[in-house]
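A.B. asks: run32.csv is the file, holding CSV, C-alpha atoms:
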chain,number,residue,atom,x,y,z
A,1,MET,CA,-64.2,-147.3,126.5
A,2,GLY,CA,-63.5,-150.9,125.5
A,3,ARG,CA,-63.5,-152.1,121.9
A,4,TRP,CA,-66.9,-153.9,122.5
A,5,GLU,CA,-68.5,-150.8,123.8
A,6,SER,CA,-67.0,-148.4,121.2
A,7,ASN,CA,-69.8,-148.7,118.8
A,8,ALA,CA,-72.5,-148.8,121.5
A,9,ARG,CA,-74.4,-145.8,120.0
A,10,GLY,CA,-74.6,-147.4,116.6
A,11,ARG,CA,-75.7,-150.7,117.9
A,12,LEU,CA,-78.4,-149.0,120.1
A,13,GLU,CA,-79.7,-147.1,117.1
A,14,LYS,CA,-79.8,-150.2,115.0
A,15,ALA,CA,-81.6,-152.1,117.6
A,16,ALA,CA,-84.1,-149.3,118.3
A,17,MET,CA,-84.9,-148.7,114.7
A,18,GLU,CA,-85.5,-152.4,114.2
A,19,LEU,CA,-87.8,-152.7,117.2
A,20,TYR,CA,-89.7,-149.5,116.3
A,21,GLU,CA,-90.4,-150.9,112.8
A,22,GLU,CA,-91.3,-154.4,114.1
A,23,ARG,CA,-93.5,-153.5,117.1
A,24,GLY,CA,-94.1,-149.8,116.7
A,25,PHE,CA,-92.5,-147.0,118.7
A,26,ASP,CA,-95.1,-146.8,121.5
A,27,GLN,CA,-94.8,-150.6,122.2
A,28,THR,CA,-91.0,-150.6,122.5
A,29,THR,CA,-89.2,-150.2,125.8
A,30,VAL,CA,-85.6,-149.0,126.5
A,31,ALA,CA,-85.0,-152.4,128.2
A,32,GLU,CA,-85.9,-154.2,125.0
A,33,ILE,CA,-83.6,-151.9,122.9
A,34,ALA,CA,-80.7,-152.5,125.2
A,35,ALA,CA,-81.3,-156.2,125.3
A,36,ARG,CA,-81.3,-156.5,121.5
A,37,ALA,CA,-78.1,-154.4,121.3
A,38,GLY,CA,-76.5,-156.7,123.9
A,39,LEU,CA,-76.0,-153.7,126.2
A,40,THR,CA,-77.4,-152.4,129.5
A,41,GLU,CA,-80.2,-149.8,130.0
A,42,ARG,CA,-77.5,-147.7,131.7
A,43,THR,CA,-75.5,-147.7,128.6
A,44,PHE,CA,-78.6,-146.6,126.6
A,45,PHE,CA,-79.1,-143.7,128.9
A,46,ARG,CA,-75.4,-142.7,128.5
A,47,HIS,CA,-76.1,-142.1,124.8
A,48,TYR,CA,-79.8,-141.1,124.7
A,49,ALA,CA,-82.0,-139.1,127.1
A,50,ASP,CA,-85.0,-141.4,126.1
A,51,LYS,CA,-86.2,-143.7,123.4
A,52,ARG,CA,-87.5,-140.7,121.3
A,53,GLU,CA,-84.1,-139.2,121.1
A,54,VAL,CA,-83.0,-142.0,118.7
A,55,LEU,CA,-85.3,-140.4,116.2
A,56,PHE,CA,-85.1,-136.7,117.2
A,57,GLY,CA,-81.5,-136.4,118.4
A,58,GLY,CA,-79.6,-133.8,116.4
A,59,SER,CA,-82.7,-131.6,115.8
A,60,GLY,CA,-81.3,-129.0,118.2
A,61,MET,CA,-78.2,-128.8,116.0
A,62,LEU,CA,-80.3,-128.5,112.9
A,63,ALA,CA,-82.2,-125.6,114.5
A,64,GLU,CA,-78.9,-123.8,115.3
A,65,LEU,CA,-77.7,-124.3,111.7
A,66,LEU,CA,-81.0,-122.8,110.4
A,67,VAL,CA,-80.7,-119.7,112.6
A,68,ALA,CA,-77.0,-119.3,111.8
A,69,THR,CA,-77.6,-119.6,108.1
A,70,VAL,CA,-80.4,-117.0,108.2
A,71,ALA,CA,-78.2,-114.7,110.2
A,72,GLY,CA,-75.3,-115.1,107.8
A,73,ALA,CA,-77.2,-114.5,104.5
A,74,PRO,CA,-76.3,-111.5,102.4
A,75,GLY,CA,-78.3,-108.4,103.5
A,76,SER,CA,-79.6,-108.0,100.0
A,77,GLU,CA,-81.2,-111.4,99.8
A,78,ALA,CA,-85.0,-111.6,99.7
A,79,PRO,CA,-86.6,-113.1,102.9
A,80,LEU,CA,-88.1,-116.1,101.3
A,81,ASP,CA,-84.8,-116.9,99.5
A,82,VAL,CA,-82.9,-116.5,102.8
A,83,VAL,CA,-85.3,-119.0,104.5
A,84,ALA,CA,-85.0,-121.5,101.6
A,85,ALA,CA,-81.2,-121.3,101.6
A,86,ALA,CA,-81.2,-122.0,105.3
A,87,LEU,CA,-83.5,-125.0,104.9
A,88,ALA,CA,-81.3,-126.2,102.0
A,89,ALA,CA,-78.3,-126.1,104.4
A,90,VAL,CA,-80.3,-128.3,106.7
A,91,GLY,CA,-81.1,-130.5,103.7
A,92,VAL,CA,-77.4,-130.9,102.8
A,93,LEU,CA,-76.7,-132.1,106.4
A,94,LEU,CA,-79.6,-134.5,106.4
A,95,ASP,CA,-78.6,-135.8,103.0
A,96,GLU,CA,-74.9,-136.3,104.0
A,97,ALA,CA,-75.3,-137.4,107.6
A,98,ARG,CA,-77.6,-140.3,108.0
A,99,GLY,CA,-79.0,-140.0,104.5
A,100,ARG,CA,-82.3,-140.9,102.7
A,101,GLY,CA,-82.3,-144.5,103.9
A,102,PHE,CA,-82.4,-143.5,107.5
A,103,ALA,CA,-84.9,-140.7,106.9
A,104,ARG,CA,-87.3,-143.1,105.1
A,105,ARG,CA,-87.2,-145.6,108.0
A,106,ARG,CA,-87.6,-142.7,110.5
A,107,GLN,CA,-90.6,-141.3,108.5
A,108,GLY,CA,-92.3,-144.7,108.4
A,109,ILE,CA,-91.9,-145.1,112.2
A,110,ILE,CA,-93.2,-141.6,112.8
A,111,ALA,CA,-96.2,-142.0,110.5
A,112,ALA,CA,-97.3,-145.1,112.5
A,113,SER,CA,-97.3,-143.3,115.9
A,114,ALA,CA,-99.7,-140.4,116.8
A,115,PRO,CA,-97.4,-139.1,119.6
A,116,LEU,CA,-94.4,-139.0,117.2
A,117,ARG,CA,-96.4,-137.3,114.4
A,118,GLU,CA,-97.3,-134.7,117.0
A,119,ARG,CA,-93.7,-134.4,118.1
A,120,GLU,CA,-92.6,-133.9,114.4
A,121,LEU,CA,-95.2,-131.1,114.0
A,122,ILE,CA,-94.0,-129.4,117.1
A,123,LYS,CA,-90.4,-129.6,116.0
A,124,LEU,CA,-91.3,-128.0,112.6
A,125,ALA,CA,-93.4,-125.3,114.3
A,126,SER,CA,-90.5,-124.5,116.6
A,127,TRP,CA,-88.2,-124.2,113.6
A,128,ALA,CA,-90.6,-121.7,112.0
A,129,ASP,CA,-90.6,-119.7,115.2
A,130,LEU,CA,-86.7,-119.7,115.3
A,131,VAL,CA,-86.5,-118.7,111.6
A,132,ALA,CA,-89.0,-115.9,112.1
A,133,GLY,CA,-86.9,-114.6,115.1
A,134,ALA,CA,-83.7,-114.7,113.0
A,135,LEU,CA,-85.4,-112.8,110.2
A,136,ARG,CA,-86.6,-110.1,112.7
A,137,GLN,CA,-82.9,-109.9,113.8
A,138,ARG,CA,-82.1,-109.1,110.1
A,139,GLY,CA,-84.6,-106.2,110.2
A,140,VAL,CA,-87.5,-108.0,108.5
A,141,GLU,CA,-90.7,-106.7,110.0
A,142,GLU,CA,-93.8,-108.5,111.2
A,143,PRO,CA,-95.9,-110.1,109.9
A,144,THR,CA,-93.5,-110.6,107.0
A,145,ALA,CA,-91.0,-112.5,109.1
A,146,THR,CA,-93.5,-115.0,110.4
A,147,LEU,CA,-95.1,-115.4,107.0
A,148,ALA,CA,-91.7,-116.0,105.2
A,149,ALA,CA,-90.7,-118.5,107.9
A,150,ALA,CA,-94.1,-120.4,107.7
A,151,ALA,CA,-94.1,-120.4,103.9
A,152,GLY,CA,-90.4,-121.6,103.9
A,153,LEU,CA,-91.3,-124.5,106.3
A,154,ALA,CA,-94.2,-125.4,104.0
A,155,VAL,CA,-91.7,-125.6,101.1
A,156,PHE,CA,-89.4,-127.8,103.3
A,157,ARG,CA,-92.1,-130.2,104.3
A,158,VAL,CA,-93.2,-130.8,100.8
A,159,ALA,CA,-89.6,-131.3,99.7
A,160,PHE,CA,-88.9,-133.6,102.6
A,161,ASP,CA,-92.0,-135.8,101.8
A,162,ARG,CA,-90.9,-136.1,98.2
A,163,TRP,CA,-87.3,-136.9,99.3
A,164,VAL,CA,-88.5,-139.8,101.6
A,165,GLY,CA,-91.1,-140.8,99.1
A,166,ASP,CA,-90.5,-143.4,96.3
A,167,GLY,CA,-89.2,-142.9,92.9
A,168,ASN,CA,-87.3,-139.7,93.4
A,169,GLU,CA,-83.7,-139.3,92.4
A,170,LEU,CA,-83.2,-135.7,93.4
A,171,ASP,CA,-81.4,-134.9,96.7
A,172,LEU,CA,-83.0,-132.9,99.4
A,173,PRO,CA,-81.4,-129.5,98.6
A,174,GLN,CA,-82.5,-129.9,95.0
A,175,LEU,CA,-86.0,-130.8,96.1
A,176,ILE,CA,-86.2,-127.7,98.3
A,177,ARG,CA,-85.1,-125.5,95.4
A,178,ALA,CA,-87.7,-127.2,93.2
A,179,SER,CA,-90.5,-126.7,95.8
A,180,LEU,CA,-89.5,-123.0,96.3
A,181,SER,CA,-89.8,-122.5,92.5
A,182,ASP,CA,-93.2,-124.3,92.7
A,183,LEU,CA,-94.4,-121.9,95.4
A,184,LYS,CA,-93.2,-118.9,93.4
A,185,ALA,CA,-95.1,-120.2,90.4
A,186,LEU,CA,-98.2,-120.7,92.5
A,187,ALA,CA,-98.0,-117.2,94.0
A,188,ALA,CA,-97.3,-115.7,90.6
A,189,ALA,CA,-100.3,-117.5,89.0
A,190,GLY,CA,-102.6,-116.1,91.6
A,191,HIS,CA,-100.9,-112.7,91.3
A,192,GLN,CA,-101.3,-112.4,87.6
A,193,ARG,CA,-104.9,-113.5,87.9
A,194,SER,CA,-105.7,-111.0,90.7
A,195,ALA,CA,-104.0,-108.2,88.6
A,196,ALA,CA,-106.0,-109.2,85.6
A,197,ARG,CA,-109.2,-109.0,87.6
A,198,THR,CA,-108.5,-105.6,89.0
A,199,GLN,CA,-107.8,-104.3,85.5
A,200,ARG,CA,-111.3,-105.5,84.4
A,201,PRO,CA,-113.7,-102.5,84.0
A,202,VAL,CA,-115.6,-102.3,87.3
A,203,LYS,CA,-119.0,-101.5,85.7
A,204,ALA,CA,-118.8,-104.0,82.8
A,205,ASP,CA,-121.8,-106.1,82.1
A,206,ARG,CA,-121.4,-109.8,82.9
B,1,MET,CA,-135.7,-129.1,128.8
B,2,GLY,CA,-136.6,-126.7,131.7
B,3,ARG,CA,-136.1,-123.0,131.5
B,4,TRP,CA,-133.2,-123.3,134.0
B,5,GLU,CA,-131.4,-125.9,131.8
B,6,SER,CA,-132.2,-124.2,128.5
B,7,ASN,CA,-128.9,-122.2,128.4
B,8,ALA,CA,-126.9,-125.0,130.0
B,9,ARG,CA,-124.4,-125.0,127.1
B,10,GLY,CA,-123.7,-121.3,127.4
B,11,ARG,CA,-123.3,-121.5,131.1
B,12,LEU,CA,-121.0,-124.4,130.9
B,13,GLU,CA,-118.9,-122.6,128.3
B,14,LYS,CA,-118.7,-119.5,130.4
B,15,ALA,CA,-117.7,-121.5,133.5
B,16,ALA,CA,-115.1,-123.5,131.6
B,17,MET,CA,-113.5,-120.4,129.9
B,18,GLU,CA,-113.3,-118.7,133.3
B,19,LEU,CA,-111.7,-121.7,135.0
B,20,TYR,CA,-109.2,-122.3,132.1
B,21,GLU,CA,-108.1,-118.6,132.4
B,22,GLU,CA,-107.9,-118.7,136.2
B,23,ARG,CA,-106.2,-122.1,136.8
B,24,GLY,CA,-105.1,-123.2,133.4
B,25,PHE,CA,-106.7,-125.8,131.2
B,26,ASP,CA,-104.7,-128.7,132.5
B,27,GLN,CA,-105.6,-128.0,136.1
B,28,THR,CA,-109.3,-127.7,135.5
B,29,THR,CA,-111.7,-130.7,135.9
B,30,VAL,CA,-115.1,-131.3,134.4
B,31,ALA,CA,-116.5,-131.5,138.0
B,32,GLU,CA,-115.3,-128.0,138.7
B,33,ILE,CA,-116.8,-126.6,135.5
B,34,ALA,CA,-120.1,-128.2,136.2
B,35,ALA,CA,-120.1,-127.0,139.8
B,36,ARG,CA,-119.3,-123.4,138.8
B,37,ALA,CA,-122.1,-123.5,136.2
B,38,GLY,CA,-124.5,-124.9,138.8
B,39,LEU,CA,-125.0,-128.0,136.8
B,40,THR,CA,-124.1,-131.7,137.0
B,41,GLU,CA,-121.2,-133.5,135.3
B,42,ARG,CA,-123.8,-135.5,133.5
B,43,THR,CA,-125.2,-132.3,131.9
B,44,PHE,CA,-121.7,-131.3,130.9
B,45,PHE,CA,-121.2,-134.6,129.0
B,46,ARG,CA,-124.6,-134.1,127.3
B,47,HIS,CA,-123.1,-131.0,125.7
B,48,TYR,CA,-119.4,-131.8,125.4
B,49,ALA,CA,-117.4,-135.0,124.8
B,50,ASP,CA,-114.7,-133.7,127.1
B,51,LYS,CA,-113.3,-130.5,128.5
B,52,ARG,CA,-111.2,-129.9,125.4
B,53,GLU,CA,-114.3,-129.7,123.2
B,54,VAL,CA,-115.3,-126.4,124.8
B,55,LEU,CA,-112.3,-125.0,122.9
B,56,PHE,CA,-112.2,-127.3,119.8
B,57,GLY,CA,-115.9,-128.0,119.2
B,58,GLY,CA,-117.0,-126.8,115.7
B,59,SER,CA,-113.6,-127.5,114.1
B,60,GLY,CA,-115.1,-130.5,112.3
B,61,MET,CA,-117.7,-128.1,110.8
B,62,LEU,CA,-115.0,-125.6,109.8
B,63,ALA,CA,-113.1,-128.4,108.1
B,64,GLU,CA,-116.2,-129.4,106.1
B,65,LEU,CA,-116.7,-125.8,105.1
B,66,LEU,CA,-113.1,-125.6,103.9
B,67,VAL,CA,-113.4,-128.7,101.7
B,68,ALA,CA,-116.8,-127.6,100.4
B,69,THR,CA,-115.5,-124.2,99.5
B,70,VAL,CA,-112.4,-125.6,97.7
B,71,ALA,CA,-114.7,-128.0,95.8
B,72,GLY,CA,-117.1,-125.3,94.8
B,73,ALA,CA,-114.6,-122.7,93.5
B,74,PRO,CA,-114.6,-121.8,89.8
B,75,GLY,CA,-112.5,-124.2,87.8
B,76,SER,CA,-110.4,-121.3,86.4
B,77,GLU,CA,-109.3,-120.1,89.8
B,78,ALA,CA,-105.6,-120.5,90.7
B,79,PRO,CA,-104.9,-123.1,93.5
B,80,LEU,CA,-103.5,-120.6,96.0
B,81,ASP,CA,-106.5,-118.3,95.5
B,82,VAL,CA,-108.9,-121.2,95.9
B,83,VAL,CA,-107.2,-122.1,99.2
B,84,ALA,CA,-107.2,-118.5,100.4
B,85,ALA,CA,-110.9,-118.1,99.5
B,86,ALA,CA,-111.8,-121.2,101.4
B,87,LEU,CA,-109.9,-120.0,104.5
B,88,ALA,CA,-111.6,-116.6,104.2
B,89,ALA,CA,-114.9,-118.5,104.3
B,90,VAL,CA,-113.8,-120.0,107.6
B,91,GLY,CA,-112.7,-116.6,108.7
B,92,VAL,CA,-116.2,-115.2,108.0
B,93,LEU,CA,-117.7,-117.9,110.2
B,94,LEU,CA,-115.1,-117.4,113.0
B,95,ASP,CA,-115.7,-113.6,112.9
B,96,GLU,CA,-119.5,-113.9,113.0
B,97,ALA,CA,-120.0,-116.9,115.2
B,98,ARG,CA,-118.2,-116.4,118.5
B,99,GLY,CA,-116.1,-113.5,117.3
B,100,ARG,CA,-112.7,-112.0,118.1
B,101,GLY,CA,-113.4,-111.7,121.9
B,102,PHE,CA,-113.8,-115.5,122.3
B,103,ALA,CA,-111.0,-116.2,119.9
B,104,ARG,CA,-108.6,-114.0,121.9
B,105,ARG,CA,-109.5,-115.7,125.2
B,106,ARG,CA,-109.3,-119.2,123.5
B,107,GLN,CA,-105.8,-118.3,122.1
B,108,GLY,CA,-104.6,-117.2,125.5
B,109,ILE,CA,-105.7,-120.4,127.1
B,110,ILE,CA,-104.1,-122.5,124.3
B,111,ALA,CA,-100.8,-120.5,124.5
B,112,ALA,CA,-100.6,-121.4,128.2
B,113,SER,CA,-100.9,-125.2,127.8
B,114,ALA,CA,-98.5,-127.4,125.9
B,115,PRO,CA,-101.0,-130.2,125.2
B,116,LEU,CA,-103.4,-127.6,123.7
B,117,ARG,CA,-100.7,-126.0,121.6
B,118,GLU,CA,-100.0,-129.4,120.2
B,119,ARG,CA,-103.7,-130.0,119.6
B,120,GLU,CA,-104.0,-126.8,117.7
B,121,LEU,CA,-101.0,-127.7,115.5
B,122,ILE,CA,-102.6,-131.1,114.8
B,123,LYS,CA,-105.9,-129.4,113.9
B,124,LEU,CA,-104.2,-127.1,111.4
B,125,ALA,CA,-102.1,-129.9,109.9
B,126,SER,CA,-105.3,-132.0,109.4
B,127,TRP,CA,-106.9,-129.0,107.7
B,128,ALA,CA,-103.9,-128.8,105.3
B,129,ASP,CA,-104.3,-132.5,104.5
B,130,LEU,CA,-108.0,-132.0,103.8
B,131,VAL,CA,-107.4,-129.0,101.6
B,132,ALA,CA,-104.7,-130.8,99.6
B,133,GLY,CA,-107.1,-133.7,99.1
B,134,ALA,CA,-109.8,-131.3,97.9
B,135,LEU,CA,-107.4,-129.7,95.5
B,136,ARG,CA,-106.4,-133.1,94.1
B,137,GLN,CA,-110.1,-133.7,93.5
B,138,ARG,CA,-110.1,-130.6,91.4
B,139,GLY,CA,-107.3,-132.0,89.3
B,140,VAL,CA,-104.4,-130.1,90.9
B,141,GLU,CA,-101.4,-132.5,90.8
B,142,GLU,CA,-98.9,-133.3,93.5
B,143,PRO,CA,-96.7,-131.8,94.9
B,144,THR,CA,-98.6,-128.6,93.9
B,145,ALA,CA,-101.7,-129.5,95.9
B,146,THR,CA,-99.8,-130.1,99.1
B,147,LEU,CA,-97.7,-127.0,98.6
B,148,ALA,CA,-100.7,-124.7,97.9
B,149,ALA,CA,-102.5,-126.1,101.0
B,150,ALA,CA,-99.5,-125.7,103.3
B,151,ALA,CA,-98.8,-122.2,102.0
B,152,GLY,CA,-102.5,-121.3,102.4
B,153,LEU,CA,-102.4,-122.5,106.0
B,154,ALA,CA,-99.3,-120.5,106.6
B,155,VAL,CA,-101.2,-117.4,105.4
B,156,PHE,CA,-104.2,-118.3,107.6
B,157,ARG,CA,-102.0,-118.7,110.8
B,158,VAL,CA,-100.3,-115.4,110.3
B,159,ALA,CA,-103.7,-113.7,109.7
B,160,PHE,CA,-105.3,-115.4,112.7
B,161,ASP,CA,-102.4,-114.4,115.0
B,162,ARG,CA,-102.8,-110.8,113.8
B,163,TRP,CA,-106.6,-111.0,114.3
B,164,VAL,CA,-106.3,-112.1,117.9
B,165,GLY,CA,-103.4,-109.8,118.6
B,166,ASP,CA,-103.8,-106.3,119.9
B,167,GLY,CA,-104.4,-103.1,118.0
B,168,ASN,CA,-105.9,-104.5,114.9
B,169,GLU,CA,-109.2,-103.3,113.5
B,170,LEU,CA,-109.4,-105.5,110.3
B,171,ASP,CA,-111.6,-108.5,110.4
B,172,LEU,CA,-110.3,-112.0,109.8
B,173,PRO,CA,-111.2,-112.3,106.1
B,174,GLN,CA,-109.6,-109.0,105.4
B,175,LEU,CA,-106.4,-110.1,107.3
B,176,ILE,CA,-106.4,-113.4,105.3
B,177,ARG,CA,-106.5,-111.4,102.0
B,178,ALA,CA,-103.8,-109.0,103.3
B,179,SER,CA,-101.5,-112.0,104.3
B,180,LEU,CA,-102.1,-113.6,100.9
B,181,SER,CA,-100.9,-110.4,99.2
B,182,ASP,CA,-97.9,-110.4,101.5
B,183,LEU,CA,-97.0,-113.9,100.5
B,184,LYS,CA,-97.4,-113.1,96.8
B,185,ALA,CA,-95.1,-110.0,97.3
B,186,LEU,CA,-92.6,-112.2,99.2
B,187,ALA,CA,-92.6,-114.8,96.4
B,188,ALA,CA,-92.3,-112.2,93.7
B,189,ALA,CA,-89.4,-110.4,95.4
B,190,GLY,CA,-87.5,-113.7,95.4
B,191,HIS,CA,-88.6,-114.5,91.9
B,192,GLN,CA,-87.3,-111.3,90.4
B,193,ARG,CA,-84.0,-111.7,92.2
B,194,SER,CA,-83.6,-115.2,91.0
B,195,ALA,CA,-84.4,-114.2,87.4
B,196,ALA,CA,-81.9,-111.4,87.6
B,197,ARG,CA,-79.2,-113.8,88.9
B,198,THR,CA,-79.7,-116.3,86.1
B,199,GLN,CA,-79.3,-113.5,83.5
B,200,ARG,CA,-75.9,-112.7,84.8
B,201,PRO,CA,-73.1,-113.8,82.4
B,202,VAL,CA,-71.8,-117.1,83.8
B,203,LYS,CA,-68.2,-116.4,83.0
B,204,ALA,CA,-68.1,-112.8,84.1
B,205,ASP,CA,-65.2,-111.7,86.4
B,206,ARG,CA,-66.2,-111.0,90.0
Please express what this file holds, its structure, as structure tokens.
C.D. replies:
Amino acid sequence: MGRWESNARGRLEKAAMELYEERGFDQTTVAEIAARAGLTERTFFRHYADKREVLFGGSGMLAELLVATVAGAPGSEAPLDVVAAALAAVGVLLDEARGRGFARRRQGIIAASAPLRERELIKLASWADLVAGALRQRGVEEPTATLAAAAGLAVFRVAFDRWVGDGNELDLPQLIRASLSDLKALAAAGHQRSAARTQRPVKADR
Amino acid sequence: MGRWESNARGRLEKAAMELYEERGFDQTTVAEIAARAGLTERTFFRHYADKREVLFGGSGMLAELLVATVAGAPGSEAPLDVVAAALAAVGVLLDEARGRGFARRRQGIIAASAPLRERELIKLASWADLVAGALRQRGVEEPTATLAAAAGLAVFRVAFDRWVGDGNELDLPQLIRASLSDLKALAAAGHQRSAARTQRPVKADR
């Protein structure tokens, strides 16, 4: 690979992100991305399967990290904490790899495109399925495994939105831990209330 | 409307559901549905905007019910309980309207079609957004509102899957309450563990 081509992937990503922001993802072609990067379409397809992979590449690796972290958690760990720890591991990677700046731009591009919003939902739903499967492998029974996975993904999505939102100095793993605490507080608030209610004399006048 | 046409909607739904099950949703045309029902395409479009509406019609009404139930909950109710109660109201309607039999067939059809699976995810994500908005109207702050809505929808999805699954005699509102209890137990399990951990002496030998 020549010196000029050596950073082809980086140049293609830069060109693609610029075009997605300027024209919208749906209106951008691979030919336009390649032209802006000063490369050929053929080079583009050596690096990316399609124009969507610029935004969704790496999500297979993140899914593998999720499953491996769930599988490797101490056996004594509570299911929701196992899920949160796995999502925090993904958070560390997202924070350290392309960082919040890239994630913000990506989120803006996705928000502006209905097909990309759908793709993002599907990606997160597939992560929930994988996590539930990994929990079952640890002996967590259904429906607890599915519920813990779905609740964990809810925590992740809220944390991610805060991370890419404005005015937030916490990193993604910190925000995941904060959201998990929020969920536990929400659940405990309802829990205490329900408990209080069942302790009320059943036949009391109102 | 003549006697023959008076149950047109029911006949169209029956024909559509049969064809979706036999051939798959993606392979079925409106012309085929109308022909099997012994009606014209024009009659189909008087009752449904498109072939997808046979499966997703009424979801706008369910969304309105969700928002109205959240808005009308007692001010003292905890956010997660408000959300669960609103979803249980939807559950009552689903249970009483077309019932579990229809829901099971619908779920099978959706599971077999990638575009329909995506549509279902989008519908549930839009419900979560609506519920979060209704919670904010009640004075619940962010990110708590979004988190309570997302966690509530996770509870609903697990309950719904159990409802349409085999070997389950509970109705949908009961399953929603059971899943909410499961989530509270999951959160409390993690909570106690975390609390125990923070009480450990920081400098203790390991």
A.B. asks: One decimal, Å: what's the distance from CA of Glu120 in chain A over to CA of Gly91 in chain B, could you say?
C.D. replies: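 Separation between CA of Glu120 in chain A and CA of Gly91 in chain B: 27.1 Å.
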A.B. asks: Could you give the RMSD, in Å, left over when chain B is least-squares superposed onto chain A across all Cα atoms paired sequentially?
C.D. replies: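 Answer to one decimal place: 0.1 Å.
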A.B. asks: Once you count only C-alpha atoms, which residues of chain A turn out to be within 6 Å of chain B? Could you give them as a ChimeraX atom specification?
C.D. replies: /A:78,81,150-151,154,184,187,190
A.B. asks: Just want the 10 Å neighbourhood of Arg11 in chain A, counted on all atoms listed in the file, with same-chain residues fewer than 3 positions away dropped. Output as a CSV table (one decimal) with C-alpha atoms, in the frame of the given file.
C.D. replies:
chain,number,residue,atom,x,y,z
A,5,GLU,CA,-68.5,-150.8,123.8
A,6,SER,CA,-67.0,-148.4,121.2
A,7,ASN,CA,-69.8,-148.7,118.8
A,8,ALA,CA,-72.5,-148.8,121.5
A,14,LYS,CA,-79.8,-150.2,115.0
A,15,ALA,CA,-81.6,-152.1,117.6
A,16,ALA,CA,-84.1,-149.3,118.3
A,17,MET,CA,-84.9,-148.7,114.7
A,33,ILE,CA,-83.6,-151.9,122.9
A,34,ALA,CA,-80.7,-152.5,125.2
A,36,ARG,CA,-81.3,-156.5,121.5
A,37,ALA,CA,-78.1,-154.4,121.3
A,38,GLY,CA,-76.5,-156.7,123.9
A,39,LEU,CA,-76.0,-153.7,126.2
A.B. asks: To one decimal place, how far is CA of Trp163 in chain B from CA of Arg100 in chain B in Å?
C.D. replies: 7.3 Å
A.B. asks: To one decimal in Å, tell me the separation between CA of Ser126 in chain A and CA of Leu65 in chain B.
C.D. replies: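 Taking CA of Ser126 in chain A and CA of Leu65 in chain B, their separation equals 28.6 Å.
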A.B. asks: When distances are computed from only C-alpha atoms, which of B:Gln107, B:Gln137, B:Gln174, B:Thr43 shows the smallest separation from Phe56 in chain B?
C.D. replies: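 Closest residue, counting only C-alpha atoms: B:Gln107.
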A.B. asks: Compare B:Gly133, B:Arg138, B:Phe102, B:Ala178 by their minimum atom-to-atom distance to Val164 in chain B, counting all atoms listed in the file, and give me the closest one.
C.D. replies: B:Phe102
A.B. asks: Identify, on the basis of all atoms listed in the file, every residue whose closest approach to Gly60 in chain A does not exceed 12 Å; exclude the query and any residue fewer than 2 positions from it along the same chain; express the result as a CSV table (one decimal) with C-alpha atoms, in the coordinates of the input.
C.D. replies:
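Output (out.csv):
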chain,number,residue,atom,x,y,z
A,53,GLU,CA,-84.1,-139.2,121.1
A,56,PHE,CA,-85.1,-136.7,117.2
A,57,GLY,CA,-81.5,-136.4,118.4
A,58,GLY,CA,-79.6,-133.8,116.4
A,62,LEU,CA,-80.3,-128.5,112.9
A,63,ALA,CA,-82.2,-125.6,114.5
A,64,GLU,CA,-78.9,-123.8,115.3
A,65,LEU,CA,-77.7,-124.3,111.7
A,66,LEU,CA,-81.0,-122.8,110.4
A,67,VAL,CA,-80.7,-119.7,112.6
A,90,VAL,CA,-80.3,-128.3,106.7
A,123,LYS,CA,-90.4,-129.6,116.0
A,124,LEU,CA,-91.3,-128.0,112.6
A,126,SER,CA,-90.5,-124.5,116.6
A,127,TRP,CA,-88.2,-124.2,113.6
A,130,LEU,CA,-86.7,-119.7,115.3
A.B. asks: Find the axis-aligned box for range 27-31 of chain A, covering all its listed atoms and adding 3 Å on each side, and write its centre and edge lengths in Å to one decimal as lines of an AutoDock Vina configuration file.
C.D. replies:
center_x = -89.9
center_y = -150.7
center_z = 125.2
size_x = 15.8
size_y = 9.4
size_z = 12.0
A.B. asks: Name the residues within 12 Å of (-90.3, -151.8, 117.2), counting all atoms listed in the file in the file's coordinates, and put them as a ChimeraX atom specification.
C.D. replies: /A:13-30,32-33,36,51,105-106,108-110,112-113
